[in-house]
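Visitor: This is the structure I want to talk about, given as structure tokens.
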Amino acid sequence: MPSTAIIGAGIGGIATAVRLAVAGHRVVVFEAQESFGGKMHQLELPGGYRFDGGPSLFTLPHLVDELFRLAGRRPADYFRYQRLDPITEYFFADGTRVTAWADEKKFAREVEEKLNVPAADVLAFLARSGRAYDATAGTFLQKSLHKAGTYLSPEVLKALAALPQLGLTSTMHQRHEAAFSDPRLVQLFDRFATYNGSDPYQAPATLSMIPHLEHGIGAFYPEGGIYAIAQSLVRLAEELGVEFRYNEPVREITTENGRVTGLRTDQDTYPFGQVVSNMDVVPTYRHLLPTQPAPERTLSQPRSSSALIFYWGIARRFSELGVHNIFFSEDYKREFEAIFQEQTVSSDPTVYVNITSGHTPTDAPEGHENWFVMVNVPHDQGQDWPALVAQTRAAVIRRVNRALGTDIGPLIWAEHVWDPPGIAARTSSFGGALYGSSSNNALAAFLRHPNFSRRLKGLYFCGGSVHPGGGIPLCLLSARIVSDLISN
Ligand code: FAD
């Protein structure tokens, strides 16, 4: 029986464990923390508030279902979800409010009514976003870009040929400005760059396919919150015989004659035929393989943004808010310059508020709400985070107060803060970047680390810091690519 170790019980590691267990491997997952999930963890605050710690937006749910089916199980016996409608409530700095309905036509009519942009323009843009997704996703997200065989299929050659028209030479922002005359709608679509921690003023227009995920395919809400994804998959993995060893950080990947032989923890040294690192690729090389040559060019790619998150127990309900709420800043360009050029936080950042207690009433006491309040910030490079946290907290309260016409300050009954150094410490992500390397240049997809090592046989990589990138769906796809590479 082949034996495989996985370093890290993030969503990518858990999904890889399921796939390899189904393929007949003995799988052991080593996790540094006391429990699974990594960025996808949950937390509770005094007073009865529960929060999803990291991800809050869930798209492409079939990638989760697929794992249960692969194991011969009925997905709904483990994990249920519903399509969100509306998806997002947008609050613009000038006081305009737009609801992003799940139905594209209804959303387009809303935009026409509120922003005076013809509904037909919105529908044409979304259709183009869908075509770009269909033309490229199968190739660029679902296969290894680093195996010659990938480039032999006619489908892949077609996708490569389509790339120039999809916008490698212009930016997302330029694409949106060309499509819409209203700067608020440009801001709305520019925001999708942040879905992989990028800057719409630098990221290629190819990424304008991201809105299709939400508006074309749908945004979903898992019963019990996002943490239920990790929980249900760990249950499946355990049923399949996967062993999870918590509180056991891996210290070294052992090697001999150009292949991995296993790994070492503080408890023991373990032999394994394959090792899959779900840990960020930068610390994997720096800490677990210190004597091996590292792919320096790949590791030095610019990092994605990180986040400052305020978890607030709020002693009131706001009927005007939904699951996903965006309070836009006045100057979006300034905000991204602050993050990616000055490595700081703008004094007027856009604020994202996720509230799950409307769908999962046990997430907050009666009459209260659980607010996950997030601002995009640079990854940690030694900034004065206590000062930035204090400044940003005040700016968030100002912006939300202005939009809601109330003072939320006294309504904050419970609070916890997670900043980039905290994210790095809890998940080992380099600099606390949420999505590994950023997609701020046209070649980013090709510059991400492959899902395997070119130098060490038996060493593989999954998760948000390697191909195809960060975010739940892409981490799940990395697990599929890794298990295909191992099995074939
Ligand atoms: P990670 O979650 O990075 O976990 C890695 C695991 O490895 C951790 O458990 C860590 O403890 C463990 N580990 C590290 N080093 C060692 C070691 N030496 N030995 C043993 N174990 C080790 N994505 C979305 O799709 N939608 C969103 O809305 C969204 N929002 C986000 C908001 C926030 C605040 C954050 C933090 C992330 C967000 N993301 C979102 C991104 C998404 O959460 C990640 O891309 C994804 O969860 C990363 O999973 P992963 O498989 O890379 O593993």
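Lettering and numbering for the structure tokens are positional, with chains as A, B, ... in the shown order, residues counted from 1 in each chain, and ligands counted from 1 in the shown order.
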Please report, as CSV, each residue of stretch 194-280 of chain A lying at most 7 Å from stretch 460-473 of chain A, together with the nearest pair of atoms and the separation in Å rounded to one decimal; use only C-alpha atoms, and order rows by chain and ascending residue number.
Guide:
residue,atom,partner,partner_atom,distance
A:Asn196,CA,A:Gly470,CA,6.2
A:Val275,CA,A:Tyr460,CA,6.2
A:Val276,CA,A:Tyr460,CA,4.5
A:Ser277,CA,A:Phe461,CA,4.8
A:Asn278,CA,A:Cys462,CA,5.0
A:Asp280,CA,A:Ser465,CA,5.5
Visitor: Mind writing the picked residues with N, CA and C atoms as a PDB file, in the first residue's frame?
Guide:
ATOM      1  N   ASN A 196      -8.494  37.186  -5.411  1.00  0.00           N
ATOM      2  CA  ASN A 196      -7.252  36.423  -5.243  1.00  0.00           C
ATOM      3  C   ASN A 196      -6.121  37.334  -4.754  1.00  0.00           C
ATOM      4  N   VAL A 275       5.484  12.741   0.012  1.00  0.00           N
ATOM      5  CA  VAL A 275       5.129  13.811   0.949  1.00  0.00           C
ATOM      6  C   VAL A 275       4.454  14.918   0.145  1.00  0.00           C
ATOM      7  N   VAL A 276       3.279  15.352   0.631  1.00  0.00           N
ATOM      8  CA  VAL A 276       2.574  16.467  -0.011  1.00  0.00           C
ATOM      9  C   VAL A 276       2.588  17.632   0.967  1.00  0.00           C
ATOM     10  N   SER A 277       3.172  18.747   0.582  1.00  0.00           N
ATOM     11  CA  SER A 277       3.151  19.905   1.483  1.00  0.00           C
ATOM     12  C   SER A 277       1.953  20.792   1.170  1.00  0.00           C
ATOM     13  N   ASN A 278       1.104  20.956   2.171  1.00  0.00           N
ATOM     14  CA  ASN A 278      -0.031  21.889   2.090  1.00  0.00           C
ATOM     15  C   ASN A 278       0.340  23.185   2.815  1.00  0.00           C
ATOM     16  N   ASP A 280       2.466  26.641   3.151  1.00  0.00           N
ATOM     17  CA  ASP A 280       2.933  27.632   2.172  1.00  0.00           C
ATOM     18  C   ASP A 280       4.291  27.192   1.616  1.00  0.00           C
TER      19      ASP A 280
END
Visitor: So which residues of stretch 233-462 of chain A fall under strand (DSSP E or B) by DSSP, listed as a VMD selection string?
Guide: chain A and resid 243 to 245 250 to 256 259 to 265 269 to 271 274 to 277 303 306 to 314 324 to 327 351 to 355 369 to 377 412 to 418 437 449 452 457 459 to 461
Visitor: Find the spatial neighbours of A:Arg334, counting only C-alpha atoms, within a cut-off of 10 Å - ignore same-chain residues fewer than 3 positions away - and output them as a list in words.
Guide: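 Here the answer would be Ser329, Glu330, Asp331, Glu337, Ala338, Ile339, Gln341, Val345, Ser346, Ser347, Asp348 and Pro349 of chain A.
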Visitor: Could the residues in this selection be saved with C-alpha atoms as a PDB file, in the first residue's frame?
Guide:
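Result file follows (result-v2.pdb):
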ATOM      1  CA  SER A 329     -14.064  53.855  -0.169  1.00  0.00           C
ATOM      2  CA  GLU A 330     -14.102  57.148  -2.060  1.00  0.00           C
ATOM      3  CA  ASP A 331     -10.764  56.620  -3.792  1.00  0.00           C
ATOM      4  CA  GLU A 337      -1.511  52.160  -4.161  1.00  0.00           C
ATOM      5  CA  ALA A 338      -1.325  52.088  -0.370  1.00  0.00           C
ATOM      6  CA  ILE A 339      -1.425  48.269  -0.316  1.00  0.00           C
ATOM      7  CA  GLN A 341       3.177  50.314  -3.591  1.00  0.00           C
ATOM      8  CA  VAL A 345      -3.282  50.787   4.719  1.00  0.00           C
ATOM      9  CA  SER A 346      -5.152  53.719   3.228  1.00  0.00           C
ATOM     10  CA  SER A 347      -6.846  56.051   5.701  1.00  0.00           C
ATOM     11  CA  ASP A 348     -10.171  55.376   3.922  1.00  0.00           C
ATOM     12  CA  PRO A 349     -10.287  51.669   3.060  1.00  0.00           C
TER      13      PRO A 349
END
Visitor: Mind pulling up the distance from atom CA of A:Thr344 to atom CA of A:Ala387?
Guide: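 According to the coordinates, atom CA of A:Ala387 and atom CA of A:Thr344 are separated by 10.9 Å.
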Visitor: May I ask which of the residues A:Phe68, A:Trp371, A:Phe327, A:Phe310 is the closest one to ligand 1, counting only C-alpha atoms and all ligand atoms?
Guide: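 Closest to ligand 1 of all the choices is A:Phe310.
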Visitor: Could you tell me which of A:Glu320, A:Asp190, A:Asp85, A:Glu214 comes closest to ligand 1 if we count only C-alpha atoms and all ligand atoms?
Guide: A:Glu214
Visitor: DSSP says helix (DSSP H, G or I) for which residues of stretch 170-404 of chain A? Put them as an MDAnalysis selection string?
Guide: chainID A and resid 172:179 183:196 205:217 227:239 281:288 296:299 332:340 361:363 385:404
Visitor: From the set A:Tyr201, A:Phe372, A:Phe189, A:Phe446, which residue has the shortest atom-to-atom contact distance to ligand 1, counting only C-alpha atoms and all ligand atoms?
Guide: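 Under the stated criterion, the closest residue is A:Phe372.
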Visitor: Write out as a list in words which residues come within 10 Å of A:Gly13 when counting only C-alpha atoms, dropping same-chain ones fewer than 4 positions away.
Guide: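 Skipping anything fewer than 4 positions along the chain leaves Ala5, Ile6, Ile7, Gly8, Ala9, Ala17, Val18, Arg19, Val29, Phe30, Glu31, Phe36, Gly37, Gly38, Val276, Ser277, Asn278, Met279, Phe461, Cys462, Gly463, Cys475, Leu476, Ser478 and Ala479 of chain A.
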Visitor: Using C-alpha atoms, can you export the residues from the last selection as a tab-separated table (two decimals), in the first residue's frame?
Guide:
chain	number	residue	atom	x	y	z
A	5	ALA	CA	2.24	12.14	4.40
A	6	ILE	CA	0.47	15.46	4.09
A	7	ILE	CA	1.92	18.48	5.86
A	8	GLY	CA	-1.00	20.68	6.95
A	9	ALA	CA	-4.73	20.17	7.38
A	17	ALA	CA	-6.03	13.26	1.85
A	18	VAL	CA	-9.54	12.25	0.75
A	19	ARG	CA	-8.49	11.73	-2.85
A	29	VAL	CA	-1.89	14.32	7.90
A	30	PHE	CA	0.51	16.20	10.20
A	31	GLU	CA	-0.95	19.47	11.49
A	36	PHE	CA	-7.87	21.25	11.13
A	37	GLY	CA	-8.89	23.99	8.70
A	38	GLY	CA	-5.89	26.36	8.61
A	276	VAL	CA	2.57	16.47	-0.01
A	277	SER	CA	3.15	19.90	1.48
A	278	ASN	CA	-0.03	21.89	2.09
A	279	MET	CA	2.08	24.39	3.97
A	461	PHE	CA	2.52	20.67	-3.22
A	462	CYS	CA	-1.11	21.64	-2.79
A	463	GLY	CA	-2.95	24.66	-1.36
A	475	CYS	CA	-7.14	24.82	-3.36
A	476	LEU	CA	-9.61	22.01	-4.07
A	478	SER	CA	-4.76	21.76	-6.51
A	479	ALA	CA	-5.70	18.63	-4.55
Visitor: Which of these residues is nearest to ligand 1, using only C-alpha atoms and all ligand atoms: A:Pro421, A:Gly53, A:Gly24, A:Pro75?
Guide: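 Closest residue, counting only C-alpha atoms and all ligand atoms: A:Gly53.
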Visitor: Excluding stretch 218-229 of chain A and its own-chain neighbours fewer than 3 positions away, which residues fall within 10 Å of it when counting only C-alpha atoms? Please give them as a VMD selection string.
Guide: chain A and resid 11 36 to 37 39 to 43 50 to 61 64 to 65 78 to 88 102 to 103 211 to 215 232 to 234 323 356 to 357 359 to 363 472
Visitor: Could you jot down the atom CA of A:Phe244 to atom CA of A:Tyr270 separation for me, Å, one decimal place?
Guide: 14.2 Å
Visitor: Would you pick out the contacts of A:Ser144 at 10 Å or less, using only C-alpha atoms, so that residues sharing its chain but fewer than 5 positions from it are not included, and give the list as a PDB file with C-alpha atoms, in the first residue's frame?
Guide:
ATOM      1  CA  THR A 139      -6.866  24.538 -18.928  1.00  0.00           C
ATOM      2  CA  GLY A 149       1.867  16.659 -21.641  1.00  0.00           C
ATOM      3  CA  THR A 150      -0.571  19.435 -20.733  1.00  0.00           C
ATOM      4  CA  TYR A 151       0.419  21.341 -23.860  1.00  0.00           C
ATOM      5  CA  PHE A 446       2.916  30.375 -15.055  1.00  0.00           C
ATOM      6  CA  PRO A 450       4.169  23.679  -9.691  1.00  0.00           C
ATOM      7  CA  ASN A 451       2.269  20.995  -7.785  1.00  0.00           C
ATOM      8  CA  PHE A 452       5.401  18.841  -7.730  1.00  0.00           C
ATOM      9  CA  HIS A 467      -0.734  26.278  -8.825  1.00  0.00           C
ATOM     10  CA  PRO A 468      -3.544  27.088  -9.592  1.00  0.00           C
ATOM     11  CA  SER A 478      -4.755  21.764  -6.507  1.00  0.00           C
ATOM     12  CA  ILE A 481      -4.032  17.918  -9.738  1.00  0.00           C
ATOM     13  CA  VAL A 482      -1.713  16.504  -7.039  1.00  0.00           C
ATOM     14  CA  ASP A 484      -3.676  12.873 -10.481  1.00  0.00           C
ATOM     15  CA  LEU A 485       0.088  13.457 -10.610  1.00  0.00           C
TER      16      LEU A 485
END
